[in-house]
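Engineer: Okay, handing you the structure first.
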Amino acid sequence: MIHRYRKSHEKIAMGLLAYMPQERNVKQLKKTMALYNERPNWQLFFWKADNYYVGIIGIHVEDDEFFTVQHISVLPSFRGEGIGHEMIVSVGRVMGNRQAKPSKETKNFMTKCSA
Ligand SMILES: CC(C)(COP(=O)(O)OP(=O)(O)OC[C@H]1O[C@@H](n2cnc3c(N)ncnc32)[C@H](O)[C@@H]1OP(=O)(O)O)[C@@H](O)C(=O)NCCC(=O)NCCS
């Protein structure tokens, strides 16, 4: 189930985002967190399973028509269970009529999901 990020869960969010190759550098990761903390059009959502936060998806709302999936990651021990795909579907529901677009970093997985 998808849950909107709150700043009180920042450390958990950073731990999950760090699985994305471009966020392995801590300075970069902190810059990314600042975007999600400070800009209303940058939005983060957790996936909760077995009472743990096991996945995260981060989007940039471009305009009334599009949003870009900037980040997506799942704890290694929960991968291959469909959580990544479910997060894309669920965030699409939250976004209503807006269409999802991939970023350079999420393209491979999003292409796989739409295949
Ligand atoms: C990408 C990620 C979020 C997928 O999460 P998940 O919950 O395992 O995804 P699902 O269970 O819905 O889908 C698994 C399928 O996606 C495939 N997949 C995983 N990562 C992929 C990638 N980077 N590109 C294309 N396909 C990928 C798996 O091989 C699997 O394929 P199969 O169903 O044919 O066996 C997860 O692997 C992850 O956290 N990766 C590290 C972070 C990352 O690199 N994110 C950006 C990916 S572009």
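All residue names refer to the structure tokens as shown: chains lettered A, B, ... in order, residues numbered from 1 in each chain, ligands numbered from 1 in order.
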Give me the residues of chain A that have any atom at most 7 Å from an atom of ligand 1; for each, the nearest atom pair and the distance in Å, rounded to one decimal. Use only C-alpha atoms and all ligand atoms, sort by chain and number, and format it as a tab-separated table.
Structural biologist:
```
residue	atom	partner	partner_atom_place_in_ligand_line	distance
A:Tyr19	CA	ligand 1	42 (C)	4.9
A:Met20	CA	ligand 1	42 (C)	4.2
A:Pro21	CA	ligand 1	44 (O)	6.0
A:His71	CA	ligand 1	46 (C)	6.5
A:Ile72	CA	ligand 1	3 (C)	5.0
A:Ser73	CA	ligand 1	39 (O)	3.2
A:Val74	CA	ligand 1	39 (O)	3.8
A:Leu75	CA	ligand 1	39 (O)	6.1
A:Pro76	CA	ligand 1	39 (O)	6.7
A:Phe78	CA	ligand 1	7 (O)	6.5
A:Arg79	CA	ligand 1	8 (O)	3.3
A:Gly80	CA	ligand 1	11 (O)	3.4
A:Glu81	CA	ligand 1	11 (O)	4.2
A:Gly82	CA	ligand 1	11 (O)	3.2
A:Ile83	CA	ligand 1	7 (O)	3.9
A:Gly84	CA	ligand 1	7 (O)	3.6
A:His85	CA	ligand 1	12 (O)	3.8
A:Glu86	CA	ligand 1	12 (O)	6.4
A:Glu105	CA	ligand 1	48 (S)	5.5
A:Thr106	CA	ligand 1	48 (S)	3.7
A:Lys107	CA	ligand 1	48 (S)	5.4
A:Asn108	CA	ligand 1	24 (N)	4.1
A:Phe109	CA	ligand 1	24 (N)	3.7
A:Met110	CA	ligand 1	48 (S)	6.8
A:Lys112	CA	ligand 1	26 (N)	5.3
```
Engineer: Store the residues picked out above, limited to N, CA, C and O atoms, as a short mmCIF file (atom, residue, chain, number, x, y, z; two decimals), in the first residue's frame.
Structural biologist:
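Ended up saving to out-v8.cif:
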```
data_model
loop_
_atom_site.label_atom_id
_atom_site.label_comp_id
_atom_site.auth_asym_id
_atom_site.auth_seq_id
_atom_site.Cartn_x
_atom_site.Cartn_y
_atom_site.Cartn_z
N TYR A 19 19.55 3.16 -2.99
CA TYR A 19 19.69 2.02 -3.89
C TYR A 19 19.73 2.45 -5.35
O TYR A 19 20.08 1.66 -6.23
N MET A 20 19.34 3.70 -5.63
CA MET A 20 19.41 4.19 -7.02
C MET A 20 20.87 4.57 -7.30
O MET A 20 21.47 5.32 -6.53
N PRO A 21 21.42 4.08 -8.42
CA PRO A 21 22.84 4.32 -8.68
C PRO A 21 23.24 5.80 -8.58
O PRO A 21 24.30 6.11 -8.05
N HIS A 71 12.58 8.55 -9.23
CA HIS A 71 13.23 7.54 -8.39
C HIS A 71 12.28 6.37 -8.18
O HIS A 71 11.07 6.58 -7.99
N ILE A 72 12.84 5.18 -8.18
CA ILE A 72 12.04 4.01 -7.75
C ILE A 72 13.02 2.98 -7.21
O ILE A 72 14.02 2.64 -7.86
N SER A 73 12.75 2.51 -6.00
CA SER A 73 13.59 1.44 -5.47
C SER A 73 12.83 0.62 -4.43
O SER A 73 11.88 1.10 -3.80
N VAL A 74 13.30 -0.62 -4.33
CA VAL A 74 12.67 -1.60 -3.43
C VAL A 74 13.81 -2.28 -2.67
O VAL A 74 14.87 -2.55 -3.25
N LEU A 75 13.60 -2.56 -1.39
CA LEU A 75 14.61 -3.29 -0.62
C LEU A 75 14.94 -4.59 -1.33
O LEU A 75 14.02 -5.30 -1.77
N PRO A 76 16.23 -4.94 -1.42
CA PRO A 76 16.60 -6.15 -2.17
C PRO A 76 15.81 -7.40 -1.77
O PRO A 76 15.42 -8.20 -2.62
N PHE A 78 12.85 -7.73 -0.95
CA PHE A 78 11.44 -7.70 -1.39
C PHE A 78 11.32 -7.57 -2.91
O PHE A 78 10.22 -7.39 -3.42
N ARG A 79 12.44 -7.64 -3.62
CA ARG A 79 12.36 -7.48 -5.08
C ARG A 79 11.79 -8.72 -5.76
O ARG A 79 11.83 -9.81 -5.20
N GLY A 80 11.25 -8.51 -6.95
CA GLY A 80 10.74 -9.62 -7.74
C GLY A 80 9.37 -10.09 -7.28
O GLY A 80 8.89 -11.14 -7.70
N GLU A 81 8.71 -9.28 -6.43
CA GLU A 81 7.36 -9.64 -5.94
C GLU A 81 6.30 -8.73 -6.54
O GLU A 81 5.16 -8.74 -6.10
N GLY A 82 6.69 -7.88 -7.48
CA GLY A 82 5.72 -7.01 -8.14
C GLY A 82 5.53 -5.65 -7.46
O GLY A 82 4.69 -4.86 -7.89
N ILE A 83 6.34 -5.37 -6.42
CA ILE A 83 6.15 -4.10 -5.68
C ILE A 83 6.50 -2.90 -6.56
O ILE A 83 5.78 -1.90 -6.58
N GLY A 84 7.60 -3.00 -7.31
CA GLY A 84 8.00 -1.88 -8.19
C GLY A 84 6.87 -1.53 -9.15
O GLY A 84 6.48 -0.37 -9.28
N HIS A 85 6.32 -2.54 -9.80
CA HIS A 85 5.23 -2.34 -10.75
C HIS A 85 4.00 -1.74 -10.04
O HIS A 85 3.41 -0.77 -10.52
N GLU A 86 3.67 -2.30 -8.90
CA GLU A 86 2.51 -1.81 -8.12
C GLU A 86 2.67 -0.35 -7.73
O GLU A 86 1.70 0.41 -7.71
N GLU A 105 17.02 7.76 -15.46
CA GLU A 105 17.38 6.75 -14.46
C GLU A 105 16.30 5.69 -14.24
O GLU A 105 16.59 4.63 -13.71
N THR A 106 15.05 5.99 -14.56
CA THR A 106 13.98 5.00 -14.31
C THR A 106 13.47 4.37 -15.60
O THR A 106 12.59 3.51 -15.57
N LYS A 107 14.05 4.80 -16.73
CA LYS A 107 13.52 4.38 -18.03
C LYS A 107 13.49 2.85 -18.21
O LYS A 107 12.48 2.29 -18.63
N ASN A 108 14.60 2.19 -17.87
CA ASN A 108 14.67 0.75 -18.14
C ASN A 108 13.55 -0.02 -17.45
O ASN A 108 12.87 -0.84 -18.06
N PHE A 109 13.34 0.29 -16.16
CA PHE A 109 12.31 -0.45 -15.43
C PHE A 109 10.91 -0.05 -15.91
O PHE A 109 10.04 -0.91 -16.07
N MET A 110 10.70 1.23 -16.18
CA MET A 110 9.36 1.65 -16.62
C MET A 110 9.02 1.08 -17.99
O MET A 110 7.87 0.72 -18.26
N LYS A 112 10.08 -1.78 -19.03
CA LYS A 112 9.76 -3.19 -18.73
C LYS A 112 8.31 -3.29 -18.22
O LYS A 112 7.57 -4.20 -18.59
#
```
Engineer: Within 8 Å of range 54-67 of chain A, counting only C-alpha atoms, which residues qualify if same-chain residues fewer than 4 places away don't, as a PyMOL selection string?
Structural biologist: chain A and resi 13+16-17+41-49+71-75+78+83-84+87-88+95+97-101
Engineer: Okay, now the selection with N, CA and C atoms, as a tab-separated table (two decimals), in the first residue's frame?
Structural biologist:
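Dumped everything to out-v6.tsv:
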```tsv
chain	number	residue	atom	x	y	z
A	13	ALA	N	13.61	7.25	4.06
A	13	ALA	CA	13.55	7.60	2.64
A	13	ALA	C	14.95	7.60	2.03
A	16	LEU	N	16.31	4.14	1.33
A	16	LEU	CA	15.72	3.49	0.16
A	16	LEU	C	16.20	4.16	-1.14
A	17	LEU	N	16.27	5.48	-1.13
A	17	LEU	CA	16.71	6.19	-2.35
A	17	LEU	C	18.15	5.84	-2.70
A	41	ASN	N	6.11	20.28	-5.91
A	41	ASN	CA	5.90	19.45	-7.12
A	41	ASN	C	6.87	18.26	-7.19
A	42	TRP	N	7.74	18.11	-6.18
A	42	TRP	CA	8.55	16.89	-6.04
A	42	TRP	C	7.92	16.09	-4.91
A	43	GLN	N	7.43	14.90	-5.22
A	43	GLN	CA	6.64	14.15	-4.24
A	43	GLN	C	7.16	12.72	-4.09
A	44	LEU	N	7.18	12.27	-2.86
A	44	LEU	CA	7.70	10.93	-2.54
A	44	LEU	C	6.60	10.08	-1.90
A	45	PHE	N	6.65	8.80	-2.20
A	45	PHE	CA	5.67	7.87	-1.62
A	45	PHE	C	6.41	6.59	-1.21
A	46	PHE	N	6.03	6.06	-0.06
A	46	PHE	CA	6.57	4.78	0.40
A	46	PHE	C	5.62	3.65	0.02
A	47	TRP	N	6.19	2.46	-0.07
A	47	TRP	CA	5.37	1.24	-0.14
A	47	TRP	C	5.58	0.48	1.16
A	48	LYS	N	4.48	0.17	1.84
A	48	LYS	CA	4.57	-0.52	3.12
A	48	LYS	C	4.10	-1.97	2.96
A	49	ALA	N	4.91	-2.88	3.46
A	49	ALA	CA	4.52	-4.30	3.44
A	49	ALA	C	5.02	-4.92	4.74
A	71	HIS	N	12.58	8.55	-9.23
A	71	HIS	CA	13.23	7.54	-8.39
A	71	HIS	C	12.28	6.37	-8.18
A	72	ILE	N	12.84	5.18	-8.18
A	72	ILE	CA	12.04	4.01	-7.75
A	72	ILE	C	13.02	2.98	-7.21
A	73	SER	N	12.75	2.51	-6.00
A	73	SER	CA	13.59	1.44	-5.47
A	73	SER	C	12.83	0.62	-4.43
A	74	VAL	N	13.30	-0.62	-4.33
A	74	VAL	CA	12.67	-1.60	-3.43
A	74	VAL	C	13.81	-2.28	-2.67
A	75	LEU	N	13.60	-2.56	-1.39
A	75	LEU	CA	14.61	-3.29	-0.62
A	75	LEU	C	14.94	-4.59	-1.33
A	78	PHE	N	12.85	-7.73	-0.95
A	78	PHE	CA	11.44	-7.70	-1.39
A	78	PHE	C	11.32	-7.57	-2.91
A	83	ILE	N	6.34	-5.37	-6.42
A	83	ILE	CA	6.15	-4.10	-5.68
A	83	ILE	C	6.50	-2.90	-6.56
A	84	GLY	N	7.60	-3.00	-7.31
A	84	GLY	CA	8.00	-1.88	-8.19
A	84	GLY	C	6.87	-1.53	-9.15
A	87	MET	N	3.90	0.04	-7.40
A	87	MET	CA	4.11	1.44	-7.00
A	87	MET	C	3.83	2.38	-8.17
A	88	ILE	N	4.24	1.96	-9.37
A	88	ILE	CA	3.98	2.80	-10.56
A	88	ILE	C	2.48	2.92	-10.81
A	95	MET	N	-2.10	10.42	-9.20
A	95	MET	CA	-1.92	11.52	-10.15
A	95	MET	C	-3.13	11.73	-11.07
A	97	ASN	N	-5.42	12.16	-13.94
A	97	ASN	CA	-5.34	12.21	-15.41
A	97	ASN	C	-3.94	12.44	-15.95
A	98	ARG	N	-3.00	12.77	-15.07
A	98	ARG	CA	-1.64	13.00	-15.57
A	98	ARG	C	-1.00	11.69	-16.03
A	99	GLN	N	-0.23	11.79	-17.11
A	99	GLN	CA	0.47	10.62	-17.66
A	99	GLN	C	1.87	10.51	-17.05
A	100	ALA	N	2.32	9.26	-16.82
A	100	ALA	CA	3.66	9.04	-16.28
A	100	ALA	C	4.70	9.06	-17.40
A	101	LYS	N	5.82	9.73	-17.09
A	101	LYS	CA	6.98	9.69	-18.00
A	101	LYS	C	8.17	9.17	-17.21
```
Engineer: Per DSSP on the backbone, what are the alpha helix (DSSP H) residues of chain A, as a ChimeraX atom specification?
Structural biologist: /A:10-17,26-38,83-95,107-114
Engineer: Could you give me the residues within range 6-85 of chain A that DSSP places in strand (DSSP E), as a PyMOL selection string?
Structural biologist: chain A and resi 42-49+52-61+66-74
Engineer: Under the rule that only C-alpha atoms are counted, which of A:Met14, A:Lys30, A:Gln22, A:Tyr53 is the nearest residue to Lys104 in chain A?
Structural biologist: A:Gln22
Engineer: For Lys7 in chain A, which residue out of A:Thr32, A:Val69, A:Asn25, A:Asn37 is the nearest one, using only C-alpha atoms?
Structural biologist: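 Selected residue with least distance to Lys7 in chain A: A:Asn37.
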Engineer: Would you compute the distance between CA of His9 in chain A and CA of Gly92 in chain A? Give it in Å to one decimal.
Structural biologist: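 Spanning CA of His9 in chain A to CA of Gly92 in chain A is a straight-line distance of 22.4 Å.
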Engineer: My list of candidates is A:Ser103, A:Ala115, A:Ala18, A:Gln70. Which is closest to Leu35 in chain A when distances are computed with only C-alpha atoms?
Structural biologist: A:Gln70
